[in-house]
Amino acid sequence: MAVLEGENIIKIYEDIRGGCETKALNRISFKIDEGEFVGIMGPSGSGKTTLLNILSGVDKITSGKVKIWGKDINNMNKSTLAIFRRQNLGFIFQEFNLLDTLTMKENIMLPMLLDKKAKAYMDKKVKDIMEAFNIYDIKDKYPYNVSGGQQQRVAISRAIVNDPKIVFADEPTGNLDSKSAKDIMMCFEKMNKEMNNTILVVTHDVFAASYCNRIIFIKDGRLHSEIVKKSGRKEFLEDIMNSLAVLGGDRCDF
Ligand SMILES: Nc1ncnc2c1ncn2[C@@H]1O[C@H](COP(=O)(O)OP(=O)(O)O)[C@@H](O)[C@H]1O
Ligand SMILES: [Mg+2]
């Protein structure tokens, strides 16, 4: 069964003042299977962030369905959805969104504190994740004392500390230099291959996208095309560039 399924997703933003509305998503349908590592690409304003927000229950759908393990998340009431999201979904953003007054270790621990886990369990879990992402040596530092790439690895650790089954990331490498971006994509790869997370990542960076196994291209709120990785990353990078050339558009941000 698909882990995540979108059926004819339509999202219209109403303008409360002028009555002008934006159709940000127009009949988007697709399925994502367990263990997939999917990239979403498209020109600026094509609806990528909106799609991620609809799929993860952050924003309300106008019509259509989003099913996670066959369950329609729009049929859940607010508190059920909040618990469902906290237990099953992980989120990573372009801005790392760490708390400045907490150390790296404390930032990662936060979601577990909310879930009232035992101290010994939390300590081991944080250590294991920080070691996996090569940041254990900065565990007692504060966000302003480490690099952007390190902050993002902490944000990733925090997103997966409660073992979510699906991880959503919106432009996670957007604020990083190319070396840090590579580190982050290798963390995603590890998360996908070794920790068995299903990942959905929005990116406009061709290099970052080449770590994915499938790319869905959207344009003007519609699903435009998709490609699947057949052989190596380098070949996939070329396929992605070719698809972007076909996608075109005058408001491209890549
Ligand atoms: N909160 C909002 N209210 C009104 N329009 C919005 C809102 N968020 C996004 N939009 C519009 O929806 C379209 C898609 O935006 P977005 O999903 O942010 O695109 P992307 O992430 O691909 O750049 C754009 O035309 C944008 O201006
Ligand atoms: Mg966006």
# chains A, B, ... in the order shown; residues from 1 in each chain; ligands from 1

$ residues_around --residues "Lys48 (chain A)" --least-positions-apart "3" --cutoff "12 Å" --atoms "only C-alpha atoms" --output "NGL selection string"
:A and (11 or 24-25 or 28 or 39-45 or 51-55 or 168-171 or 200-204 or 216-223)

$ residues_around --residues "Asn97 (chain A)" --least-positions-apart "6" --cutoff "12 Å" --atoms "only C-alpha atoms" --output "PyMOL selection string"
chain A and resi 91+104+107-108+143-144+148+151-156+158-159+172

$ write_last_selection --atoms "C-alpha atoms" --output "short mmCIF file (atom, residue, chain, number, x, y, z; two decimals), in the first residue's frame"
data_model
loop_
_atom_site.label_atom_id
_atom_site.label_comp_id
_atom_site.auth_asym_id
_atom_site.auth_seq_id
_atom_site.Cartn_x
_atom_site.Cartn_y
_atom_site.Cartn_z
CA PHE A 91 9.61 18.45 9.24
CA MET A 104 22.32 21.30 20.19
CA ASN A 107 17.18 21.11 20.74
CA ILE A 108 17.16 17.51 19.54
CA PRO A 143 23.14 27.52 17.51
CA TYR A 144 25.04 30.79 17.04
CA GLY A 148 24.70 26.53 9.05
CA GLN A 151 22.58 23.63 12.50
CA GLN A 152 20.69 21.92 9.71
CA ARG A 153 22.02 18.52 10.78
CA VAL A 154 20.73 19.27 14.26
CA ALA A 155 17.37 20.27 12.78
CA ILE A 156 17.29 16.99 10.87
CA ARG A 158 15.32 16.84 15.87
CA ALA A 159 12.91 16.02 13.03
CA PRO A 172 16.63 22.17 3.25
#

$ closest_residue --among "A:Leu102, A:Ile16, A:Leu89, A:Leu113" --to "ligand 1" --atoms "only C-alpha atoms and all ligand atoms"
A:Ile16

$ atom_distance --atom1 "atom 8 (N, counted along the ligand's line) of ligand 1" --atom2 "CA of Lys65 (chain A)"
19.3 Å

$ closest_residue --among "A:Cys20, A:Ile240, A:Ile199, A:Leu110" --to "ligand 1" --atoms "only C-alpha atoms and all ligand atoms"
A:Cys20

$ atom_distance --atom1 "CA of Val126 (chain A)" --atom2 "CA of Ser147 (chain A)"
19.4 Å

$ select_by_dssp --residues "region 115-158 of chain A" --states "helix (DSSP H, G or I)" --output "PyMOL selection string"
chain A and resi 119-132+136-138+143-145+148-158

$ write_last_selection --atoms "C-alpha atoms" --output "PDB file, in the first residue's frame"
ATOM      1  CA  LYS A 119      15.952   9.975  30.473  1.00  0.00           C
ATOM      2  CA  ALA A 120      18.214   7.006  29.674  1.00  0.00           C
ATOM      3  CA  TYR A 121      16.298   6.341  26.471  1.00  0.00           C
ATOM      4  CA  MET A 122      16.558   9.989  25.427  1.00  0.00           C
ATOM      5  CA  ASP A 123      20.301  10.168  26.110  1.00  0.00           C
ATOM      6  CA  LYS A 124      21.038   7.082  24.046  1.00  0.00           C
ATOM      7  CA  LYS A 125      18.762   8.144  21.217  1.00  0.00           C
ATOM      8  CA  VAL A 126      20.317  11.612  20.940  1.00  0.00           C
ATOM      9  CA  LYS A 127      23.835  10.186  21.064  1.00  0.00           C
ATOM     10  CA  ASP A 128      23.089   7.621  18.348  1.00  0.00           C
ATOM     11  CA  ILE A 129      21.561  10.183  16.002  1.00  0.00           C
ATOM     12  CA  MET A 130      24.240  12.822  16.613  1.00  0.00           C
ATOM     13  CA  GLU A 131      26.964  10.266  15.961  1.00  0.00           C
ATOM     14  CA  ALA A 132      25.249   9.101  12.773  1.00  0.00           C
ATOM     15  CA  TYR A 136      28.176  14.622  18.576  1.00  0.00           C
ATOM     16  CA  ASP A 137      31.243  16.784  19.259  1.00  0.00           C
ATOM     17  CA  ILE A 138      29.100  19.955  19.175  1.00  0.00           C
ATOM     18  CA  PRO A 143      23.142  27.521  17.513  1.00  0.00           C
ATOM     19  CA  TYR A 144      25.038  30.793  17.041  1.00  0.00           C
ATOM     20  CA  ASN A 145      28.360  29.017  17.677  1.00  0.00           C
ATOM     21  CA  GLY A 148      24.696  26.531   9.053  1.00  0.00           C
ATOM     22  CA  GLY A 149      25.361  22.992   7.891  1.00  0.00           C
ATOM     23  CA  GLN A 150      25.760  21.819  11.483  1.00  0.00           C
ATOM     24  CA  GLN A 151      22.579  23.630  12.500  1.00  0.00           C
ATOM     25  CA  GLN A 152      20.689  21.925   9.707  1.00  0.00           C
ATOM     26  CA  ARG A 153      22.015  18.520  10.777  1.00  0.00           C
ATOM     27  CA  VAL A 154      20.730  19.267  14.262  1.00  0.00           C
ATOM     28  CA  ALA A 155      17.372  20.274  12.777  1.00  0.00           C
ATOM     29  CA  ILE A 156      17.286  16.988  10.869  1.00  0.00           C
ATOM     30  CA  SER A 157      18.131  15.067  14.045  1.00  0.00           C
ATOM     31  CA  ARG A 158      15.317  16.843  15.869  1.00  0.00           C
TER      32      ARG A 158
END

$ residues_around --residues "region 232-237 of chain A" --least-positions-apart "5" --cutoff "8 Å" --atoms "only C-alpha atoms" --output "PyMOL selection string"
chain A and resi 206-207+209-211

$ write_last_selection --atoms "N, CA, C and O atoms" --output "PDB file, in the first residue's frame"
ATOM      1  N   VAL A 206      19.754  21.223  -8.435  1.00  0.00           N
ATOM      2  CA  VAL A 206      19.880  20.010  -9.235  1.00  0.00           C
ATOM      3  C   VAL A 206      20.780  18.978  -8.543  1.00  0.00           C
ATOM      4  O   VAL A 206      20.495  17.792  -8.523  1.00  0.00           O
ATOM      5  N   PHE A 207      21.857  19.462  -7.959  1.00  0.00           N
ATOM      6  CA  PHE A 207      22.791  18.561  -7.290  1.00  0.00           C
ATOM      7  C   PHE A 207      22.113  17.870  -6.105  1.00  0.00           C
ATOM      8  O   PHE A 207      22.207  16.651  -5.939  1.00  0.00           O
ATOM      9  N   ALA A 209      18.936  17.414  -5.718  1.00  0.00           N
ATOM     10  CA  ALA A 209      17.881  16.549  -6.251  1.00  0.00           C
ATOM     11  C   ALA A 209      18.431  15.207  -6.732  1.00  0.00           C
ATOM     12  O   ALA A 209      17.746  14.190  -6.676  1.00  0.00           O
ATOM     13  N   SER A 210      19.689  15.210  -7.162  1.00  0.00           N
ATOM     14  CA  SER A 210      20.261  13.975  -7.726  1.00  0.00           C
ATOM     15  C   SER A 210      20.427  12.876  -6.674  1.00  0.00           C
ATOM     16  O   SER A 210      20.644  11.723  -7.010  1.00  0.00           O
ATOM     17  N   TYR A 211      20.295  13.213  -5.394  1.00  0.00           N
ATOM     18  CA  TYR A 211      20.341  12.199  -4.338  1.00  0.00           C
ATOM     19  C   TYR A 211      19.014  11.451  -4.200  1.00  0.00           C
ATOM     20  O   TYR A 211      18.956  10.385  -3.602  1.00  0.00           O
TER      21      TYR A 211
END

$ closest_residue --among "A:Glu194, A:Thr49, A:Ser225, A:Ala82" --to "ligand 2" --atoms "only C-alpha atoms and all ligand atoms"
A:Thr49

$ closest_residue --among "A:Phe37, A:Phe133, A:Phe96, A:Tyr142" --to "Ile166 (chain A)" --atoms "only C-alpha atoms"
A:Phe37

$ closest_residue --among "A:Gly6, A:Thr173, A:Arg86, A:Met241" --to "Lys71 (chain A)" --atoms "only C-alpha atoms"
A:Gly6

$ residues_around --residues "Asn74 (chain A)" --least-positions-apart "5" --cutoff "12 Å" --atoms "only C-alpha atoms" --output "PyMOL selection string"
chain A and resi 6+9+54-68+80-82+84

$ write_last_selection --atoms "N, CA and C atoms" --output "compact mmCIF listing (two decimals), in the first residue's frame"
# COMPACT_ATOMS: atom_id res chain seq x y z
N GLY A 6 -1.95 11.35 -2.92
CA GLY A 6 -2.72 12.57 -3.19
C GLY A 6 -3.70 12.29 -4.31
N ILE A 9 -5.70 16.81 -5.83
CA ILE A 9 -5.54 17.90 -4.86
C ILE A 9 -5.73 19.26 -5.53
N ILE A 54 0.07 20.89 2.23
CA ILE A 54 -1.20 20.15 2.12
C ILE A 54 -0.98 18.68 2.47
N LEU A 55 0.12 18.12 1.96
CA LEU A 55 0.40 16.70 2.19
C LEU A 55 0.68 16.41 3.66
N SER A 56 1.24 17.39 4.36
CA SER A 56 1.62 17.14 5.75
C SER A 56 0.57 17.68 6.73
N GLY A 57 -0.55 18.15 6.21
CA GLY A 57 -1.63 18.58 7.09
C GLY A 57 -1.39 19.93 7.75
N VAL A 58 -0.39 20.68 7.28
CA VAL A 58 -0.13 22.01 7.83
C VAL A 58 -1.23 22.98 7.37
N ASP A 59 -1.63 22.81 6.12
CA ASP A 59 -2.60 23.71 5.52
C ASP A 59 -3.82 22.90 5.04
N LYS A 60 -4.97 23.55 4.96
CA LYS A 60 -6.20 22.85 4.57
C LYS A 60 -6.35 22.75 3.06
N ILE A 61 -6.77 21.59 2.62
CA ILE A 61 -6.99 21.35 1.20
C ILE A 61 -8.32 22.01 0.79
N THR A 62 -8.44 22.45 -0.47
CA THR A 62 -9.71 23.01 -0.95
C THR A 62 -10.63 21.89 -1.42
N SER A 63 -10.06 20.98 -2.26
CA SER A 63 -10.79 19.75 -2.56
C SER A 63 -9.81 18.67 -2.95
N GLY A 64 -10.28 17.43 -2.95
CA GLY A 64 -9.38 16.30 -3.19
C GLY A 64 -9.04 15.62 -1.89
N LYS A 65 -8.14 14.63 -1.97
CA LYS A 65 -7.82 13.86 -0.77
C LYS A 65 -6.32 13.71 -0.57
N VAL A 66 -5.92 13.66 0.71
CA VAL A 66 -4.56 13.25 1.06
C VAL A 66 -4.69 12.07 2.00
N LYS A 67 -4.17 10.92 1.56
CA LYS A 67 -4.26 9.74 2.42
C LYS A 67 -2.87 9.33 2.88
N ILE A 68 -2.73 9.10 4.17
CA ILE A 68 -1.48 8.57 4.70
C ILE A 68 -1.82 7.21 5.30
N THR A 80 -6.68 15.23 16.81
CA THR A 80 -6.23 13.94 16.29
C THR A 80 -5.13 14.15 15.26
N LEU A 81 -5.34 15.13 14.39
CA LEU A 81 -4.35 15.42 13.35
C LEU A 81 -3.03 15.89 13.99
N ALA A 82 -3.12 16.71 15.03
CA ALA A 82 -1.91 17.21 15.69
C ALA A 82 -1.10 16.05 16.27
N PHE A 84 -1.34 12.84 15.36
CA PHE A 84 -0.92 12.02 14.22
C PHE A 84 0.35 12.60 13.59

$ decode --residues "region 236-250 of chain A" --atoms "all heavy atoms" --output "PDB file, in the first residue's frame"
ATOM      1  N   PHE A 236      21.611  10.535 -13.293  1.00  0.00           N
ATOM      2  CA  PHE A 236      20.328  11.100 -12.853  1.00  0.00           C
ATOM      3  C   PHE A 236      20.380  12.629 -12.904  1.00  0.00           C
ATOM      4  O   PHE A 236      19.421  13.283 -13.302  1.00  0.00           O
ATOM      5  CB  PHE A 236      20.010  10.611 -11.434  1.00  0.00           C
ATOM      6  CG  PHE A 236      18.560  10.790 -11.036  1.00  0.00           C
ATOM      7  CD1 PHE A 236      17.527  10.481 -11.916  1.00  0.00           C
ATOM      8  CD2 PHE A 236      18.229  11.243  -9.764  1.00  0.00           C
ATOM      9  CE1 PHE A 236      16.202  10.633 -11.553  1.00  0.00           C
ATOM     10  CE2 PHE A 236      16.897  11.403  -9.391  1.00  0.00           C
ATOM     11  CZ  PHE A 236      15.885  11.103 -10.283  1.00  0.00           C
ATOM     12  N   LEU A 237      21.530  13.166 -12.522  1.00  0.00           N
ATOM     13  CA  LEU A 237      21.711  14.622 -12.560  1.00  0.00           C
ATOM     14  C   LEU A 237      21.483  15.156 -13.974  1.00  0.00           C
ATOM     15  O   LEU A 237      20.822  16.176 -14.175  1.00  0.00           O
ATOM     16  CB  LEU A 237      23.128  14.952 -12.065  1.00  0.00           C
ATOM     17  CG  LEU A 237      23.373  16.361 -11.563  1.00  0.00           C
ATOM     18  CD1 LEU A 237      24.253  16.315 -10.314  1.00  0.00           C
ATOM     19  CD2 LEU A 237      24.075  17.199 -12.594  1.00  0.00           C
ATOM     20  N   GLU A 238      21.985  14.415 -14.951  1.00  0.00           N
ATOM     21  CA  GLU A 238      21.782  14.823 -16.341  1.00  0.00           C
ATOM     22  C   GLU A 238      20.310  14.747 -16.744  1.00  0.00           C
ATOM     23  O   GLU A 238      19.784  15.650 -17.399  1.00  0.00           O
ATOM     24  CB  GLU A 238      22.611  13.928 -17.262  1.00  0.00           C
ATOM     25  CG  GLU A 238      23.749  14.678 -17.896  1.00  0.00           C
ATOM     26  CD  GLU A 238      24.663  13.760 -18.680  1.00  0.00           C
ATOM     27  OE1 GLU A 238      24.184  13.141 -19.647  1.00  0.00           O
ATOM     28  OE2 GLU A 238      25.850  13.654 -18.298  1.00  0.00           O
ATOM     29  N   ASP A 239      19.662  13.648 -16.303  1.00  0.00           N
ATOM     30  CA  ASP A 239      18.224  13.493 -16.593  1.00  0.00           C
ATOM     31  C   ASP A 239      17.426  14.649 -15.999  1.00  0.00           C
ATOM     32  O   ASP A 239      16.487  15.154 -16.621  1.00  0.00           O
ATOM     33  CB  ASP A 239      17.683  12.179 -15.994  1.00  0.00           C
ATOM     34  CG  ASP A 239      18.165  10.963 -16.774  1.00  0.00           C
ATOM     35  OD1 ASP A 239      18.715  11.150 -17.879  1.00  0.00           O
ATOM     36  OD2 ASP A 239      17.997   9.834 -16.262  1.00  0.00           O
ATOM     37  N   ILE A 240      17.803  15.043 -14.778  1.00  0.00           N
ATOM     38  CA  ILE A 240      17.080  16.136 -14.108  1.00  0.00           C
ATOM     39  C   ILE A 240      17.257  17.437 -14.889  1.00  0.00           C
ATOM     40  O   ILE A 240      16.298  18.175 -15.136  1.00  0.00           O
ATOM     41  CB  ILE A 240      17.573  16.324 -12.654  1.00  0.00           C
ATOM     42  CG1 ILE A 240      17.279  15.080 -11.817  1.00  0.00           C
ATOM     43  CG2 ILE A 240      16.906  17.539 -12.010  1.00  0.00           C
ATOM     44  CD1 ILE A 240      17.984  15.050 -10.464  1.00  0.00           C
ATOM     45  N   MET A 241      18.496  17.699 -15.331  1.00  0.00           N
ATOM     46  CA  MET A 241      18.753  18.935 -16.085  1.00  0.00           C
ATOM     47  C   MET A 241      17.953  18.952 -17.380  1.00  0.00           C
ATOM     48  O   MET A 241      17.404  19.994 -17.761  1.00  0.00           O
ATOM     49  CB  MET A 241      20.233  19.096 -16.343  1.00  0.00           C
ATOM     50  CG  MET A 241      20.972  19.430 -15.055  1.00  0.00           C
ATOM     51  SD  MET A 241      22.481  20.328 -15.292  1.00  0.00           S
ATOM     52  CE  MET A 241      23.579  19.028 -15.737  1.00  0.00           C
ATOM     53  N   ASN A 242      17.876  17.789 -18.047  1.00  0.00           N
ATOM     54  CA  ASN A 242      17.096  17.718 -19.282  1.00  0.00           C
ATOM     55  C   ASN A 242      15.621  17.992 -19.021  1.00  0.00           C
ATOM     56  O   ASN A 242      14.964  18.712 -19.776  1.00  0.00           O
ATOM     57  CB  ASN A 242      17.266  16.340 -19.941  1.00  0.00           C
ATOM     58  CG  ASN A 242      18.667  16.160 -20.504  1.00  0.00           C
ATOM     59  OD1 ASN A 242      19.343  17.151 -20.830  1.00  0.00           O
ATOM     60  ND2 ASN A 242      19.127  14.922 -20.606  1.00  0.00           N
ATOM     61  N   SER A 243      15.114  17.426 -17.937  1.00  0.00           N
ATOM     62  CA  SER A 243      13.696  17.634 -17.618  1.00  0.00           C
ATOM     63  C   SER A 243      13.421  19.095 -17.298  1.00  0.00           C
ATOM     64  O   SER A 243      12.375  19.630 -17.664  1.00  0.00           O
ATOM     65  CB  SER A 243      13.281  16.782 -16.414  1.00  0.00           C
ATOM     66  OG  SER A 243      13.395  15.426 -16.729  1.00  0.00           O
ATOM     67  N   LEU A 244      14.362  19.734 -16.592  1.00  0.00           N
ATOM     68  CA  LEU A 244      14.180  21.144 -16.245  1.00  0.00           C
ATOM     69  C   LEU A 244      14.179  22.012 -17.496  1.00  0.00           C
ATOM     70  O   LEU A 244      13.433  22.988 -17.584  1.00  0.00           O
ATOM     71  CB  LEU A 244      15.273  21.612 -15.277  1.00  0.00           C
ATOM     72  CG  LEU A 244      15.169  21.065 -13.855  1.00  0.00           C
ATOM     73  CD1 LEU A 244      16.377  21.502 -13.031  1.00  0.00           C
ATOM     74  CD2 LEU A 244      13.880  21.512 -13.182  1.00  0.00           C
ATOM     75  N   ALA A 245      15.007  21.624 -18.484  1.00  0.00           N
ATOM     76  CA  ALA A 245      15.056  22.379 -19.732  1.00  0.00           C
ATOM     77  C   ALA A 245      13.702  22.298 -20.436  1.00  0.00           C
ATOM     78  O   ALA A 245      13.211  23.290 -20.978  1.00  0.00           O
ATOM     79  CB  ALA A 245      16.158  21.835 -20.630  1.00  0.00           C
ATOM     80  N   VAL A 246      13.079  21.121 -20.392  1.00  0.00           N
ATOM     81  CA  VAL A 246      11.765  20.945 -21.004  1.00  0.00           C
ATOM     82  C   VAL A 246      10.704  21.724 -20.229  1.00  0.00           C
ATOM     83  O   VAL A 246       9.816  22.340 -20.803  1.00  0.00           O
ATOM     84  CB  VAL A 246      11.386  19.436 -21.053  1.00  0.00           C
ATOM     85  CG1 VAL A 246       9.955  19.257 -21.554  1.00  0.00           C
ATOM     86  CG2 VAL A 246      12.364  18.669 -21.936  1.00  0.00           C
ATOM     87  N   LEU A 247      10.840  21.699 -18.905  1.00  0.00           N
ATOM     88  CA  LEU A 247       9.883  22.375 -18.029  1.00  0.00           C
ATOM     89  C   LEU A 247       9.861  23.875 -18.303  1.00  0.00           C
ATOM     90  O   LEU A 247       8.810  24.497 -18.368  1.00  0.00           O
ATOM     91  CB  LEU A 247      10.263  22.108 -16.566  1.00  0.00           C
ATOM     92  CG  LEU A 247       9.272  22.452 -15.470  1.00  0.00           C
ATOM     93  CD1 LEU A 247       8.072  21.522 -15.549  1.00  0.00           C
ATOM     94  CD2 LEU A 247       9.932  22.315 -14.096  1.00  0.00           C
ATOM     95  N   GLY A 248      11.058  24.437 -18.483  1.00  0.00           N
ATOM     96  CA  GLY A 248      11.198  25.849 -18.853  1.00  0.00           C
ATOM     97  C   GLY A 248      10.469  26.812 -17.925  1.00  0.00           C
ATOM     98  O   GLY A 248      10.452  26.613 -16.718  1.00  0.00           O
ATOM     99  N   GLY A 249       9.852  27.804 -18.504  1.00  0.00           N
ATOM    100  CA  GLY A 249       9.115  28.792 -17.720  1.00  0.00           C
ATOM    101  C   GLY A 249       9.962  30.018 -17.481  1.00  0.00           C
ATOM    102  O   GLY A 249      11.152  29.919 -17.250  1.00  0.00           O
ATOM    103  N   ASP A 250       9.321  31.188 -17.529  1.00  0.00           N
ATOM    104  CA  ASP A 250      10.104  32.403 -17.392  1.00  0.00           C
ATOM    105  C   ASP A 250      10.288  32.842 -15.946  1.00  0.00           C
ATOM    106  O   ASP A 250      10.981  33.795 -15.668  1.00  0.00           O
ATOM    107  CB  ASP A 250       9.480  33.546 -18.213  1.00  0.00           C
ATOM    108  CG  ASP A 250       7.973  33.608 -18.020  1.00  0.00           C
ATOM    109  OD1 ASP A 250       7.272  32.788 -18.662  1.00  0.00           O
ATOM    110  OD2 ASP A 250       7.515  34.423 -17.216  1.00  0.00           O
TER     111      ASP A 250
END
